[in-house]
Amino acid sequence: MERREEQPGAAGAGAAPALDFTVENVEKALHQLYYDPNIENKNLAQKWLMQAQVSPQAWHFSWQLLQPDKVPEIQYFGASALHIKISRYWSDIPTDQYESLKAQLFTQITRFASGSKIVLTRLCVALASLALSMMPDAWPCAVADMVRLFQAEDSPVDGQGRCLALLELLTVLPEEFQTSRLPQYRKGLVRTSLAVECGAVFPLLEQLLQQPSSPSCVRQKVLKCFSSWVQLEVPLQDCEALIQAAFAALQDSELFDSSVEAIVNAISQPDAQRYVNTLLKLIPLVLGLQEQLRQAVQNGDMETSHGICRIAVALGENHSRALLDQVEHWQSFLALVNMIMFCTGIPGHYPVNETTSSLTLTFWYTLQDDILSFEAEKQAVYQQVYRPVYFQLVDVLLHKAQFPSDEEYGFWSSDEKEQFRIYRVDISDTLMYVYEMLGAELLSNLYDKLGRLLTSSEEPYSWQHTEALLYGFQSIAETIDVNYSDVVPGLIGLIPRISISNVQLADTVMFTIGALSEWLADHPVMINSVLPLVLHALGNPELSVSSVSTLKKICRECKYDLPPYAANIVAVSQDVLMKQIHKTSQCMWLMQALGFLLSALQVEEILKNLHSLISPYIQQLEKLAEEIPNPSNKLAIVHILGLLSNLFTTLDISHHEDDHEGPELRKLPVPQGPNPVVVVLQQVFQLIQKVLSKWLNDAQVVEAVCAIFEKSVKTLLDDFAPMVPQLCEMLGRMYSTIPQASALDLTRQALKRKPDLFLCERLDVKAVFQCAVLALKFPEAPTVKASCGFFTELLPRCGEVESVGKVVQEDGRMLLIAVLEAIGGQASRSLMDCFADILFALNKHCFSLLSMWIKEALQPPGFPSARLSPEQKDTFSQQILRERVNKRRVKEMVKEFTLLCRGLHGTDYTADY
């Protein structure tokens, strides 16, 4: 095909002779790509070929690569290059060459109808792309023309080959439309045109599918083609005959998968709910599959049961509202619901010998939402019909949630166990949701079953059955307020009667106790019946997560009722911590639990417990502080510092967080004397400084040290005052070595809580300020964010704290220049909001200084970017100085300005803004 010469340099600008895109060179590069063992050569070949595909020469070599004497890999590259040129460079093709290009493509497709399938598909995609670009004006009846041309009798290709080629072309056409780069207005026109053209496609597909003489390969292709077209949102009533034919094809095992796909796609299109009459006709067709479904389940044919379930769920889930609205048809819809229930309860353990039940879970959410959305009268009718269904669902789900026998579970892979865990979480979510429909009766139902199971002397019960019932209870209690439920006392009474012979059951018992911790806070007399179980479980590493998280919940919710048990809890916790039974994160949770527990004790009790709890770690830390730094002692140091900071996170004796809890808690006396956390911090301060001096260059250790003080500042608020002088000195040393994100974050926290931090004579404010400016230029985003956060906390203090005012006056210009450099292109665009915050703070709190500095700073040519004109810089500074109220506007200005600085304004790269 001939075409206009492209502008010089349009493709491969300044191309060297190496970019000589001839047929021979393309074939050589393809040989290299496919057969050269050297990966670097392959990569070079691939790069070169990508350039070849978009070059002007591609129009010439593509057709030559399709010659019959070439191998399929080479022909495939030729067809792909044609598709790329047509789909991406359509505007380069002169209109007078459309027809010859179309004719050439038809000829090639006819040739390949009996040739390589992958090449045929690429050629069909190329012709589809051409059709979409020409529709509707330049080629108004594109689809009808395709059908006519391929049905012509005078073709050299046999009928079946022509038929398959036409079906391939018709299948890729809607797919190409979905992924095409057509502009939005063209997309709408072409979609309308295609919707009209489906009148030329569907009768042909019906005829081919229903013709007894059609070979299986043709019918397979028909179903795929139908699947492709319905995704263009074809009215459901126009698909009726084809959907019925697809249902009939489900009996043919070769066509089963394609039929399922076609039916599900047709039923699931968003527009389908408008065609209620067609939907009502589909229910009997779906119900007619029940026998095939039962047979499949009986024979262990998972693929068939899965496919039929997908169809039933697609109809139920997408159209439950529309079908429930047809009240006179309530029985047929109920029959569909019962069919889906059968799929939910399909025998076998997910995911090992069934994978179908999980498909149904969202249907039960949808159905419930739709029932509860009706007006009162209709809702009452449906509640009556569906409450029994949902009680049955609970039984089915709890049966599906049961673990297999220990022996069988032992053979499961870790991946299967993980999938089963996730499946149980989905069941748990469903049960929690079902509670909305069934209410308190659901809890009574579960409690009665559990009671019967645990007190029956007739038959020995399986641990799996008990575990599943408890799991159901826990699923609901975790998120729903069960404080008013009359069955919880009975349940708490039953728990100690469970003979725990197994890890999974023990885990669920723990999580159930944890889920009831708020209830225990209201009924403290019951704590004693479950706490011993939790403390006993702490010693078992297999129950680590469940026992520690449950203890943490109890200590948080019931702390004011725990003093009688405190000594025992601390002793058991200390024991398991010393024996190193738990992994790091569980040790941290355990420390948080102890923090909650100690918060409710008298000060001298707290100090006594803290002493016994922390002493072993302090001794260990003293030993580590003497050692030469190495990776293993670093881990130990970070672990100990982590334990301390997690303890201080929750150890709060001020009760300020309980103000909303009611008057009886506010009456607790606020303890007199020093805060225990401060006492401990002052005792270990020298030791922490010693550790820090050896590890100042290690971000992890610095972070762990900062975390201790940051958590303490958050918890202590004003009580932190005695620590300020020592902390200032330590921060100064950290900064002068290396400004790290964690240290800046800590300074910001201390500054937020105690602005007089900067009045402390031991803190070199100037040094901290300069280090923070330096940190703005670091490549790591967390450090830059922390520095920006530090300045937005510091600048508002420049009026009230003299030392801050002085340093801003002296060094503020340096800060502004660093901010402008960052906006000018030195920092990642994702951080622009943080820099905008600094500009906003400067403008709000240091206006007269900023108005002087910004004009001076933007004066030098090329600063902060060579792409800016003096007018653009002037506009930016005026915009910023005018905006002292709306922070969002400042952020928008900074984003605009940074795009100008980077030469990206008005390009595709701005899309993520």
# chains A, B, ... in the order shown; residues from 1 in each chain; ligands from 1
$ residues_around --residues "Val297 of chain A" --least-positions-apart "5" --cutoff "8 Å" --atoms "only C-alpha atoms" --output "list of chain:residue names"
A:Met302, A:Ser305, A:Ile346, A:Pro347
$ write_last_selection --atoms "N, CA, C and O atoms" --output "PDB file, in the first residue's frame"
ATOM      1  N   MET A 302     -16.765 -31.232  39.174  1.00  0.00           N
ATOM      2  CA  MET A 302     -16.737 -29.876  39.732  1.00  0.00           C
ATOM      3  C   MET A 302     -16.935 -28.800  38.657  1.00  0.00           C
ATOM      4  O   MET A 302     -17.528 -27.759  38.909  1.00  0.00           O
ATOM      5  N   SER A 305     -20.769 -28.452  37.900  1.00  0.00           N
ATOM      6  CA  SER A 305     -21.524 -27.833  38.996  1.00  0.00           C
ATOM      7  C   SER A 305     -21.156 -26.353  39.129  1.00  0.00           C
ATOM      8  O   SER A 305     -22.009 -25.503  39.373  1.00  0.00           O
ATOM      9  N   ILE A 346     -23.186 -27.139  48.728  1.00  0.00           N
ATOM     10  CA  ILE A 346     -22.658 -28.254  47.921  1.00  0.00           C
ATOM     11  C   ILE A 346     -21.699 -29.094  48.769  1.00  0.00           C
ATOM     12  O   ILE A 346     -20.877 -28.545  49.506  1.00  0.00           O
ATOM     13  N   PRO A 347     -21.800 -30.411  48.746  1.00  0.00           N
ATOM     14  CA  PRO A 347     -20.965 -31.231  49.636  1.00  0.00           C
ATOM     15  C   PRO A 347     -19.476 -31.075  49.332  1.00  0.00           C
ATOM     16  O   PRO A 347     -19.090 -30.728  48.209  1.00  0.00           O
TER      17      PRO A 347
END
$ select_by_dssp --residues "segment 380-567 of chain A" --states "helix (DSSP H, G or I)" --output "MDAnalysis selection string"
chainID A and resid 380:400 406:410 414:438 440:455 463:477 488:497 503:515 517:522 524:537 541:557 559:561 563:567
$ atom_distance --atom1 "atom CA of Thr304 of chain A" --atom2 "atom CA of Leu223 of chain A"
17.2 Å
$ residues_around --residues "Gly288 of chain A" --least-positions-apart "3" --cutoff "12 Å" --atoms "only C-alpha atoms" --output "list in words"
Gln244, Phe247, Ala248, Leu250, Gln251, Lys281, Leu282, Ile283, Pro284, Leu285, Glu291, Gln292, Leu293, Arg294, Ile308, Ile311, Ala312, Ser332, Ala335, Leu336 and Met339 of chain A
$ write_last_selection --atoms "C-alpha atoms" --output "PDB file, in the first residue's frame"
ATOM      1  CA  GLN A 244     -32.248 -20.351  24.693  1.00  0.00           C
ATOM      2  CA  PHE A 247     -29.062 -23.286  27.326  1.00  0.00           C
ATOM      3  CA  ALA A 248     -29.717 -26.205  24.971  1.00  0.00           C
ATOM      4  CA  LEU A 250     -25.172 -26.900  27.891  1.00  0.00           C
ATOM      5  CA  GLN A 251     -26.015 -30.590  27.373  1.00  0.00           C
ATOM      6  CA  LYS A 281     -38.620 -16.551  30.925  1.00  0.00           C
ATOM      7  CA  LEU A 282     -35.057 -17.335  32.015  1.00  0.00           C
ATOM      8  CA  ILE A 283     -36.009 -18.620  35.499  1.00  0.00           C
ATOM      9  CA  PRO A 284     -37.558 -21.900  34.218  1.00  0.00           C
ATOM     10  CA  LEU A 285     -34.535 -22.414  31.936  1.00  0.00           C
ATOM     11  CA  GLU A 291     -31.059 -32.412  37.496  1.00  0.00           C
ATOM     12  CA  GLN A 292     -27.822 -31.854  35.539  1.00  0.00           C
ATOM     13  CA  LEU A 293     -26.450 -30.035  38.626  1.00  0.00           C
ATOM     14  CA  ARG A 294     -27.369 -32.914  40.991  1.00  0.00           C
ATOM     15  CA  ILE A 308     -24.427 -24.151  36.450  1.00  0.00           C
ATOM     16  CA  ILE A 311     -25.600 -19.112  35.766  1.00  0.00           C
ATOM     17  CA  ALA A 312     -28.028 -19.345  38.722  1.00  0.00           C
ATOM     18  CA  SER A 332     -40.574 -19.307  40.910  1.00  0.00           C
ATOM     19  CA  ALA A 335     -37.319 -21.875  43.690  1.00  0.00           C
ATOM     20  CA  LEU A 336     -34.281 -20.109  42.162  1.00  0.00           C
ATOM     21  CA  MET A 339     -31.345 -23.739  43.905  1.00  0.00           C
TER      22      MET A 339
END
$ closest_residue --among "A:Leu794, A:Val894, A:Ala772, A:Ile817" --to "Ala750 of chain A" --atoms "only C-alpha atoms"
A:Leu794
$ residues_around --residues "Asn41 of chain A" --least-positions-apart "5" --cutoff "12 Å" --atoms "only C-alpha atoms" --output "list in words"
Lys28, Ala29, Leu30, His31, Gln32, Leu33, Tyr34, Tyr35, Asp36, Gln46, Lys47 and Trp48 of chain A
$ residues_around --residues "Val230 of chain A" --least-positions-apart "2" --cutoff "9 Å" --atoms "only C-alpha atoms" --output "PyMOL selection string"
chain A and resi 174+225-228+232-236+239+262+265-266+269
$ closest_residue --among "A:Ser213, A:Ser133, A:Asn675, A:Ser456" --to "Asp652 of chain A" --atoms "only C-alpha atoms"
A:Asn675
$ residues_around --residues "Tyr390 of chain A" --least-positions-apart "4" --cutoff "8 Å" --atoms "only C-alpha atoms" --output "ChimeraX atom specification"
/A:386,394,434,438
$ closest_residue --among "A:Ser549, A:Ser632, A:Asn483, A:Gln104" --to "Asp507 of chain A" --atoms "only C-alpha atoms"
A:Ser549
$ residues_around --residues "Tyr76 of chain A" --least-positions-apart "3" --cutoff "7 Å" --atoms "only C-alpha atoms" --output "list in words"
Pro72, Glu73, Ala79, Ser80, Ile118 and Val119 of chain A
$ write_last_selection --atoms "N, CA, C and O atoms" --output "PDB file, in the first residue's frame"
ATOM      1  N   PRO A  72       5.008 -18.876  10.418  1.00  0.00           N
ATOM      2  CA  PRO A  72       3.939 -18.154  11.125  1.00  0.00           C
ATOM      3  C   PRO A  72       4.439 -17.030  12.029  1.00  0.00           C
ATOM      4  O   PRO A  72       3.790 -15.985  12.118  1.00  0.00           O
ATOM      5  N   GLU A  73       5.600 -17.190  12.713  1.00  0.00           N
ATOM      6  CA  GLU A  73       6.084 -16.125  13.605  1.00  0.00           C
ATOM      7  C   GLU A  73       6.325 -14.826  12.838  1.00  0.00           C
ATOM      8  O   GLU A  73       6.042 -13.733  13.316  1.00  0.00           O
ATOM      9  N   ALA A  79       1.275  -9.031  10.519  1.00  0.00           N
ATOM     10  CA  ALA A  79      -0.130  -8.723  10.821  1.00  0.00           C
ATOM     11  C   ALA A  79      -0.229  -7.761  12.010  1.00  0.00           C
ATOM     12  O   ALA A  79      -1.040  -6.832  12.002  1.00  0.00           O
ATOM     13  N   SER A  80       0.624  -7.968  13.017  1.00  0.00           N
ATOM     14  CA  SER A  80       0.607  -7.082  14.193  1.00  0.00           C
ATOM     15  C   SER A  80       1.004  -5.668  13.823  1.00  0.00           C
ATOM     16  O   SER A  80       0.426  -4.695  14.328  1.00  0.00           O
ATOM     17  N   ILE A 118      -3.217 -18.022  14.576  1.00  0.00           N
ATOM     18  CA  ILE A 118      -2.813 -16.794  15.292  1.00  0.00           C
ATOM     19  C   ILE A 118      -2.644 -15.628  14.323  1.00  0.00           C
ATOM     20  O   ILE A 118      -2.950 -14.484  14.647  1.00  0.00           O
ATOM     21  N   VAL A 119      -2.207 -15.925  13.096  1.00  0.00           N
ATOM     22  CA  VAL A 119      -2.051 -14.852  12.106  1.00  0.00           C
ATOM     23  C   VAL A 119      -3.439 -14.384  11.667  1.00  0.00           C
ATOM     24  O   VAL A 119      -3.702 -13.181  11.553  1.00  0.00           O
TER      25      VAL A 119
END
